[in-house]
Each structure stands twice: as C-alpha cells, then as structure tokens.
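Q: What follows is input_30.txt, made up of compact mmCIF, C-alpha atoms:
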```
# COMPACT_ATOMS: atom_id res chain seq x y z
CA MET K 547 5.50 12.75 -16.41
CA GLN K 548 6.91 10.56 -13.65
CA PHE K 549 5.11 7.36 -12.64
CA GLY K 550 5.60 5.59 -9.34
CA ILE K 551 4.48 1.96 -9.33
CA LEU K 552 3.31 -0.11 -6.36
CA VAL K 553 3.20 -3.91 -6.73
CA ASN K 554 1.18 -5.64 -4.02
CA GLU K 555 1.05 -9.26 -5.18
CA GLY K 556 3.54 -12.05 -5.74
CA PRO K 557 4.51 -13.44 -9.15
CA TYR K 558 2.55 -16.10 -11.11
CA SER K 559 -0.36 -16.64 -8.70
CA HIS K 560 -1.56 -13.14 -9.53
CA GLN K 561 -1.40 -10.97 -12.63
CA ALA K 562 -0.53 -7.78 -10.73
CA SER K 563 3.23 -8.00 -11.22
CA ASP K 564 2.85 -8.81 -14.93
CA SER K 565 0.47 -5.88 -15.45
CA ALA K 566 2.78 -3.57 -13.52
CA PHE K 567 5.75 -4.67 -15.61
CA LEU K 568 3.90 -4.20 -18.91
CA PHE K 569 2.67 -0.78 -17.76
CA ALA K 570 6.18 0.29 -16.71
CA ARG K 571 7.74 -0.92 -19.97
CA ALA K 572 5.06 0.78 -22.07
CA ALA K 573 5.47 4.05 -20.14
CA LEU K 574 9.26 3.97 -20.59
CA GLU K 575 8.91 3.19 -24.31
CA LYS K 576 6.62 6.23 -24.64
CA GLY K 577 9.31 8.41 -23.08
CA TYR K 578 7.77 8.76 -19.63
CA LYS K 579 9.87 8.30 -16.51
CA VAL K 580 9.46 5.42 -14.08
CA PRO K 581 12.05 6.23 -11.44
CA ARG K 582 10.95 3.61 -8.92
CA VAL K 583 8.84 0.50 -8.40
CA PHE K 584 7.93 -0.41 -4.82
CA PHE K 585 7.13 -4.00 -3.80
CA TYR K 586 4.80 -4.51 -0.82
CA HIS K 587 2.71 -7.29 0.74
CA ASP K 588 3.39 -10.54 -1.20
CA GLY K 589 4.86 -8.32 -3.91
CA VAL K 590 8.20 -8.76 -2.15
CA TYR K 591 8.38 -12.30 -3.59
CA ASN K 592 9.03 -10.76 -7.00
CA ALA K 593 12.50 -9.91 -5.73
CA SER K 594 13.64 -13.48 -5.04
CA ARG K 595 16.51 -14.72 -7.20
CA LEU K 596 15.70 -18.28 -6.09
CA ALA K 597 12.69 -18.57 -8.41
CA THR K 598 13.33 -20.89 -11.37
CA PRO K 599 10.18 -20.90 -13.50
CA PRO K 600 9.86 -23.25 -16.52
CA GLN K 601 11.99 -22.15 -19.51
CA ASP K 602 8.98 -21.79 -21.81
CA ASP K 603 7.39 -19.14 -19.58
CA ARG K 604 8.36 -15.61 -18.60
CA ASN K 605 10.70 -15.08 -15.65
CA VAL K 606 8.91 -12.37 -13.70
CA GLY K 607 11.75 -11.51 -11.33
CA ALA K 608 14.48 -11.54 -13.98
CA ARG K 609 12.31 -9.39 -16.23
CA TRP K 610 12.13 -6.70 -13.52
CA SER K 611 15.91 -6.93 -13.02
CA LYS K 612 16.52 -6.37 -16.73
CA LEU K 613 14.09 -3.44 -16.90
CA ALA K 614 16.01 -1.83 -14.04
CA ALA K 615 19.34 -2.45 -15.79
CA ASP K 616 18.09 -1.03 -19.10
CA HIS K 617 16.27 2.03 -17.75
CA GLY K 618 17.73 2.72 -14.31
CA VAL K 619 14.49 1.90 -12.49
CA ASP K 620 14.94 1.71 -8.70
CA LEU K 621 13.39 -1.60 -7.51
CA VAL K 622 12.62 -1.23 -3.80
CA VAL K 623 11.39 -4.04 -1.55
CA CYS K 624 9.71 -3.13 1.74
CA VAL K 625 11.90 -4.29 4.63
CA ALA K 626 9.06 -5.12 7.04
CA ALA K 627 7.07 -7.06 4.44
CA ALA K 628 10.28 -8.81 3.30
CA GLN K 629 11.28 -9.86 6.81
CA ARG K 630 7.84 -11.42 7.38
CA ARG K 631 8.30 -13.50 4.23
CA GLY K 632 11.95 -14.50 4.36
CA ILE K 633 13.16 -12.18 1.62
CA THR K 634 16.64 -11.04 2.66
CA ASP K 635 19.61 -9.39 0.95
CA GLY K 636 20.98 -12.88 0.35
CA VAL K 637 18.14 -13.87 -1.99
CA LEU K 638 17.59 -10.58 -3.81
CA GLY K 639 17.70 -10.58 -7.60
CA ASP K 640 19.88 -8.10 -9.50
CA ASN K 641 19.02 -4.43 -9.06
CA PHE K 642 16.52 -4.99 -6.24
CA ARG K 643 17.21 -3.35 -2.89
CA ILE K 644 15.53 -3.52 0.51
CA SER K 645 14.41 -0.29 2.17
CA GLY K 646 11.61 1.24 4.23
CA LEU K 647 8.05 2.32 3.54
CA GLY K 648 9.27 5.91 3.37
CA GLN K 649 10.39 5.09 -0.18
CA LEU K 650 6.75 4.38 -1.09
CA VAL K 651 5.48 7.58 0.52
CA GLU K 652 8.18 9.55 -1.31
CA MET K 653 6.85 8.26 -4.64
CA GLY K 654 3.43 9.64 -3.75
CA ILE K 655 4.88 12.98 -2.75
CA GLN K 656 7.40 13.50 -5.54
CA TYR K 657 5.94 11.85 -8.66
CA ASP K 658 3.02 12.93 -10.81
CA ARG K 659 1.17 9.62 -10.47
CA LEU K 660 1.28 6.62 -8.15
CA VAL K 661 -0.23 3.55 -9.79
CA THR K 662 -1.14 0.51 -7.69
CA PHE K 663 -1.22 -3.05 -9.02
CA GLY K 664 -2.89 -5.54 -6.72
CA ASP K 665 -6.11 -7.18 -5.65
CA MET X 1253 6.89 8.36 17.63
CA SER X 1254 9.38 11.16 18.11
CA ASP X 1255 11.86 9.73 15.63
CA MET X 1256 9.03 9.20 13.12
CA ASP X 1257 8.07 12.86 13.47
CA GLU X 1258 11.45 13.78 12.06
CA MET X 1259 10.84 11.92 8.80
CA GLU X 1260 10.40 14.01 5.71
CA ASP X 1261 11.41 13.87 2.10
CA GLY X 1262 12.92 17.33 2.27
CA SER X 1263 10.66 18.82 -0.39
CA GLY X 1264 8.18 20.43 1.99
CA ILE X 1265 5.37 19.30 -0.34
CA VAL X 1266 2.15 18.26 1.38
CA LYS X 1267 -0.20 16.12 -0.68
CA LYS X 1268 -3.61 14.66 0.04
CA PHE X 1269 -3.22 10.91 0.57
CA MET X 1270 -6.32 8.74 0.79
CA PHE X 1271 -6.06 5.16 2.05
CA LEU X 1272 -8.92 3.04 0.86
CA ASN X 1273 -9.46 0.07 3.18
CA ARG X 1274 -11.64 -2.52 1.47
CA LYS X 1275 -10.79 -5.80 3.22
CA ALA X 1276 -11.84 -7.43 6.49
CA PRO X 1277 -9.23 -7.06 9.27
CA HIS X 1278 -8.36 -10.75 9.27
CA GLY X 1279 -8.26 -13.37 6.56
CA THR X 1280 -5.68 -11.44 4.55
CA VAL X 1281 -2.74 -9.25 5.59
CA TYR X 1282 -3.86 -6.12 3.73
CA ALA X 1283 -5.44 -4.30 6.67
CA LEU X 1284 -2.45 -4.83 8.97
CA GLU X 1285 0.23 -3.93 6.44
CA GLY X 1286 -1.91 -1.09 5.09
CA LEU X 1287 -1.96 0.52 8.52
CA GLU X 1288 1.83 0.60 8.52
CA VAL X 1289 1.82 2.70 5.34
CA VAL X 1290 -0.76 5.06 6.83
CA LEU X 1291 1.39 5.69 9.90
CA ILE X 1292 4.53 6.31 7.86
CA THR X 1293 2.65 8.71 5.56
CA ALA X 1294 1.48 10.69 8.59
CA ALA X 1295 5.09 10.77 9.83
CA PHE X 1296 5.97 12.50 6.54
CA ASP X 1297 3.50 15.26 7.53
CA GLN X 1298 1.13 14.52 4.65
CA ASP X 1299 -2.63 15.21 4.63
CA VAL X 1300 -3.99 11.73 5.38
CA SER X 1301 -7.56 10.47 5.01
CA MET X 1302 -8.71 6.90 5.66
CA VAL X 1303 -11.78 5.44 4.02
CA PHE X 1304 -13.41 2.18 5.06
CA THR X 1305 -15.62 0.54 2.50
CA ASP X 1306 -16.93 -2.93 1.58
CA ASP X 1307 -15.65 -5.46 4.17
CA GLY X 1308 -13.14 -2.78 5.25
CA VAL X 1309 -15.79 -1.41 7.62
CA TYR X 1310 -15.24 -4.53 9.76
CA GLN X 1311 -11.75 -3.20 10.58
CA LEU X 1312 -13.36 -0.64 12.88
CA MET X 1313 -15.90 -2.94 14.51
CA LYS X 1314 -16.05 -3.16 18.30
CA GLY X 1315 -15.31 -6.45 20.03
CA ILE X 1316 -12.82 -7.95 17.60
CA ASP X 1317 -11.07 -10.88 19.27
CA SER X 1318 -8.46 -12.64 17.15
CA LYS X 1319 -7.25 -15.04 19.86
CA GLY X 1320 -9.19 -17.92 18.36
CA ILE X 1321 -7.33 -17.69 15.07
CA GLU X 1322 -3.99 -17.02 16.81
CA VAL X 1323 -3.36 -13.83 14.86
CA LYS X 1324 -2.12 -10.56 16.32
CA ASP X 1325 -4.93 -8.17 17.26
CA PHE X 1326 -4.10 -4.74 15.84
CA SER X 1327 -7.56 -3.31 16.46
CA LYS X 1328 -6.29 -0.84 19.05
CA THR X 1329 -4.04 0.83 16.48
CA TYR X 1330 -7.13 2.52 15.03
CA ARG X 1331 -7.73 4.19 18.40
CA ALA X 1332 -4.14 5.47 18.39
CA LEU X 1333 -4.46 7.15 14.97
CA GLU X 1334 -5.45 10.43 16.59
CA GLY X 1335 -2.02 10.53 18.23
CA TYR X 1336 -0.48 10.55 14.74
CA ASP X 1337 -2.79 13.44 13.69
CA ILE X 1338 -4.84 11.07 11.56
CA GLU X 1339 -8.34 12.33 12.25
CA LYS X 1340 -10.05 12.12 8.88
CA LEU X 1341 -11.80 8.76 9.03
CA TYR X 1342 -14.67 8.07 6.64
CA VAL X 1343 -16.93 5.07 6.23
CA ASP X 1344 -19.20 4.22 3.34
CA GLN X 1345 -22.88 4.34 4.25
CA ALA X 1346 -23.96 1.57 1.89
CA SER X 1347 -21.23 -0.79 3.16
CA MET X 1348 -22.39 -0.19 6.74
CA ASP X 1349 -26.05 -0.71 5.84
CA ALA X 1350 -25.32 -3.91 3.92
CA ARG X 1351 -23.63 -5.35 7.01
CA GLY X 1352 -26.16 -4.13 9.56
CA LEU X 1353 -23.64 -1.79 11.20
CA THR X 1354 -24.13 1.69 12.65
CA GLU X 1355 -21.62 4.20 14.04
CA ASP X 1356 -22.32 2.83 17.54
CA ASP X 1357 -20.73 -0.46 16.47
CA LEU X 1358 -17.38 1.21 15.69
CA ILE X 1359 -14.41 1.79 18.00
CA VAL X 1360 -13.56 5.28 16.69
CA ASP X 1361 -15.43 8.41 15.62
CA VAL X 1362 -16.01 8.48 11.88
CA THR X 1363 -17.82 10.50 9.25
CA VAL X 1364 -20.37 8.44 7.34
CA LEU X 1365 -20.57 9.37 3.66
CA ALA X 1366 -23.01 8.54 0.89
CA VAL X 1367 -21.48 7.24 -2.31
CA ASP X 1368 -21.62 10.59 -4.16
CA GLU X 1369 -19.96 12.37 -1.23
CA MET X 1370 -17.29 9.67 -1.21
CA ALA X 1371 -16.72 10.17 -4.93
CA ASN X 1372 -16.25 13.91 -4.40
CA LEU X 1373 -13.79 13.33 -1.57
CA MET X 1374 -11.84 10.87 -3.71
CA ALA X 1375 -11.69 13.33 -6.60
CA GLU X 1376 -10.00 15.89 -4.32
CA GLN X 1377 -7.09 13.58 -3.51
CA ASP X 1378 -3.58 13.67 -4.99
CA VAL X 1379 -2.79 10.05 -4.15
CA VAL X 1380 -5.21 7.18 -3.51
CA ILE X 1381 -3.75 3.92 -2.21
CA SER X 1382 -6.08 0.95 -1.95
CA PHE X 1383 -5.58 -2.00 0.40
```
Give the structure from the file, written as structure tokens.

A:
Amino acid sequence: MQFGILVNEGPYSHQASDSAFLFARAALEKGYKVPRVFFYHDGVYNASRLATPPQDDRNVGARWSKLAADHGVDLVVCVAAAQRRGITDGVLGDNFRISGLGQLVEMGIQYDRLVTFGD
Amino acid sequence: MSDMDEMEDGSGIVKKFMFLNRKAPHGTVYALEGLEVVLITAAFDQDVSMVFTDDGVYQLMKGIDSKGIEVKDFSKTYRALEGYDIEKLYVDQASMDARGLTEDDLIVDVTVLAVDEMANLMAEQDVVISF
C-alpha cells in the first residue's frame, strides 16, 4: 500500500501538518510506503528553514526533514503556491524540494490512496 | 494549452478525480489555487469531475465583481473549463436551496444532484481532493 499525502495548511496555526506527519509516521512504522508528501496552499510554509519555534515545542519543519531523511520520503513544495508566499530554494529546509502541481497529480494516479490534510 | 496537453506521467493510467469545492470564491485562496490543480489534472488526461457544495456554489454565481476588494477575478476560468475537456460539473441541490440559488444564477451549465446522488458519484471516484 502506497500513501500520497497532501498538506494544505501552514504549521502551528493549524493542526493539518501535525496530523499529516503523525499519519505518515504511523503508516511507515506499520510497513506501508509513503513515497511523497505534497505541500500546497499555506502548506508551503512547512518547508521554511527560517522557522525557530520555542525549544519546548515540536519543530514541525525539522520533523518533516528528519522523516524524509529516515525513510526517503520525497517532500515536494508547489512552486506556484511557494512563489506567492516567498518560499524559495534559499529558505528550504533539508530534503524539501520545489516542483510543479504535476507531482501532486502523479500521486493521485500512481499511489493507492491520496490523503488530504487541511481545512 | 498545447504544452499542457503533452503532460503525462507515462503510465497511461486514467483515474477518476473529483474536486470538491466547498469554499466561497473570495475570502480564502482555496478556490483559486484549487482551480490550478483541476487544470493540471485535466492536462494529465485524467477523468475529472468538479463538485460545488456548501459556499462553493458561490464560485459559479453570475455577476461576481472582485474589484472592490482588489483581488483578481478568476470567475471566467470556469467558463474556459470546457476547453480543457472538463465538462462534468455538479452542484449540490441543498446548498443551492439554502442560498436561494437556481441554475439560472450560474455562469456555466451544471448537473444538480440530491445528496444521495452526490454520495453515489463520490463513491465511484478513485481520488477525491477537497478545497
């Protein structure tokens, strides 16, 4: 079973990215595949390396980066949504990359399930 | 559009994609950015349906003028959908009724569905993306 994940909201102000992360981690721990996570709308803010949340709280962006490093998850940020919001290659966290919406459509075509996290 | 027509993932798989539009056209960015995904999906030669429900039915309303709020008016994109072979447009009857809208108030031809018909249509889909 391959899961594609779509994250449509930014970190902290909305639970979507947290829920998506917990879902992805649980799926991977169960032996399922999560080849790619796609970040759209304000979800692109999850990719910013400039975020420095308080030390006693989770670091949403860094947590995604580590999941990608540990499990080879492809973290893709929509280029059009990113450009609107000032997310460029220069501010991307580790293991995030910027690409087009075709990467989202591909998840729908190729994977068994596409799961959306958002409002 | 010609370069978009050449997009494909190489697998030749055609799946049923439903885009569920639930939000008013302005106030949030979901309707505008959602449309971009719909157009790209059509460019991948997938079987695309669009559903408008809740405040999403306002996306298709005639006479939208966003000048006053100084936001881009993308209303005419819905009229261009046919050119991308996106012809399956559905609206939720109850959402229309609750807002005092009829088909005559909309800028494109749609199929109006009752909630059970909508549920059946949704159950047939491979991928449902909600904006």

Q: Rank X:Pro1277, X:Ala1294, X:Val1380, X:Asp1299 by their smallest atom-to-atom distance to Asp1317 of chain X, using all atoms listed in the file, and report the top residue only.

A: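 When distances to Asp1317 of chain X are compared using all atoms listed in the file, the smallest one comes from X:Pro1277.
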
Q: Using only C-alpha atoms, which residue out of K:Val651, K:Ala615, K:Val606, K:Val590 lies closest to Asp635 of chain K?

A: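 The shortest atom-to-atom distance to Asp635 of chain K comes from K:Val590.
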
Q: Restricting the calculation to all atoms listed in the file: of X:Glu1288, X:Asp1349, X:Asp1368, X:Asp1337, which residue gets closest to Ser1301 of chain X?

A: X:Asp1337

Q: Just need the residues of chain K within 7 Å of chain X, counting only C-alpha atoms, so spit them out as a list in words.

A: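 That gives Leu647, Gly648, Val651, Glu652, Gly654, Ile655, Leu660 and Thr662 of chain K for chain K.
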
Q: Go ahead and dump the residues you just picked, C-alpha atoms, as a PDB file, in the frame of the given file.

A:
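Now in out24.pdb:
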```pdb
ATOM      1  CA  LEU K 647       8.050   2.320   3.540  1.00  0.00           C
ATOM      2  CA  GLY K 648       9.270   5.910   3.370  1.00  0.00           C
ATOM      3  CA  VAL K 651       5.480   7.580   0.520  1.00  0.00           C
ATOM      4  CA  GLU K 652       8.180   9.550  -1.310  1.00  0.00           C
ATOM      5  CA  GLY K 654       3.430   9.640  -3.750  1.00  0.00           C
ATOM      6  CA  ILE K 655       4.880  12.980  -2.750  1.00  0.00           C
ATOM      7  CA  LEU K 660       1.280   6.620  -8.150  1.00  0.00           C
ATOM      8  CA  THR K 662      -1.140   0.510  -7.690  1.00  0.00           C
TER       9      THR K 662
END
```

Q: From (13.2, 2.6, -12.7), in the file's coordinates, out to 10 Å: which residues are reached, counting all atoms listed in the file? Answer as an NGL selection string.

A: :K and (549-551 or 570-571 or 574 or 579-584 or 610-611 or 613-622 or 641)

Q: Tell me, as number ranges by chain, which residues lie within 12 Å of Gly556 of chain K, counting only C-alpha atoms; anything in the same chain fewer than 3 positions away does not count.

A: K: 552-553, 559-566, 585-594, 597, 606-607, 623, 627-628, 631, 663-665

Q: Take atom CA of Glu1322 of chain X and atom CA of Thr1280 of chain X and report the distance between them in Å, one decimal.

A: 13.6 Å

Q: What gap, in Å, lies between atom CA of Lys1324 of chain X and atom CA of Ile1359 of chain X?

A: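 Atom-to-atom, atom CA of Lys1324 of chain X to atom CA of Ile1359 of chain X, that is 17.5 Å.
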
Q: Residues within 12 Å of (19.9, -19.8, -2.8), file coordinates, counting only C-alpha atoms: what are they? Give the list as an mmCIF file with C-alpha atoms, keeping the file's coordinate frame.

A:
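Result written to part19.cif:
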```
data_model
loop_
_atom_site.group_PDB
_atom_site.id
_atom_site.type_symbol
_atom_site.label_atom_id
_atom_site.label_comp_id
_atom_site.auth_asym_id
_atom_site.auth_seq_id
_atom_site.Cartn_x
_atom_site.Cartn_y
_atom_site.Cartn_z
ATOM 1 C CA SER K 594 13.640 -13.480 -5.040
ATOM 2 C CA ARG K 595 16.510 -14.720 -7.200
ATOM 3 C CA LEU K 596 15.700 -18.280 -6.090
ATOM 4 C CA ALA K 597 12.690 -18.570 -8.410
ATOM 5 C CA THR K 598 13.330 -20.890 -11.370
ATOM 6 C CA GLY K 632 11.950 -14.500 4.360
ATOM 7 C CA ILE K 633 13.160 -12.180 1.620
ATOM 8 C CA THR K 634 16.640 -11.040 2.660
ATOM 9 C CA ASP K 635 19.610 -9.390 0.950
ATOM 10 C CA GLY K 636 20.980 -12.880 0.350
ATOM 11 C CA VAL K 637 18.140 -13.870 -1.990
ATOM 12 C CA LEU K 638 17.590 -10.580 -3.810
ATOM 13 C CA GLY K 639 17.700 -10.580 -7.600
#
```

Q: I'd like the interatomic distance between atom CA of Gln649 of chain K and atom CA of Ala573 of chain K, to a tenth of an Å.

A: 20.6 Å

Q: Skip Gly646 of chain K itself and residues of its chain fewer than 4 positions away, then list as a list in words all residues within 8 Å of it, counting all atoms listed in the file.

A: Val623, Cys624, Val625, Ala626 and Leu650 of chain K

Q: Please produce an output containing C-alpha atoms for each residue in the selection, written as a compact mmCIF listing (two decimals), keeping the file's coordinate frame.

A:
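And here's part.txt as it stands now:
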```txt
# COMPACT_ATOMS: atom_id res chain seq x y z
CA VAL K 623 11.39 -4.04 -1.55
CA CYS K 624 9.71 -3.13 1.74
CA VAL K 625 11.90 -4.29 4.63
CA ALA K 626 9.06 -5.12 7.04
CA LEU K 650 6.75 4.38 -1.09
```

Q: Can you list, as a PyMOL selection string, every protein, DNA or RNA residue that comes within 10 Å of Thr1354 of chain X when you count only C-alpha atoms, leaving out same-chain residues fewer than 4 positions away?

A: chain X and resi 1313+1345+1348-1349+1358+1364

Q: Select, from K:Tyr558, K:Asp658, K:Met653, K:Gln548, the residue with the minimum atom-to-atom distance to Pro599 of chain K, counting all atoms listed in the file.

A: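 Result for the nearest residue to Pro599 of chain K: K:Tyr558.
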
Q: Report, as lines of an AutoDock Vina configuration file, the centre and edge lengths in Å (one decimal) of the axis-aligned box enclosing every listed atom of segment 605-624 of chain K, padded by 4 Å on each side.

A:
```
center_x = 14.1
center_y = -6.2
center_z = -8.7
size_x = 18.4
size_y = 25.8
size_z = 28.8
```
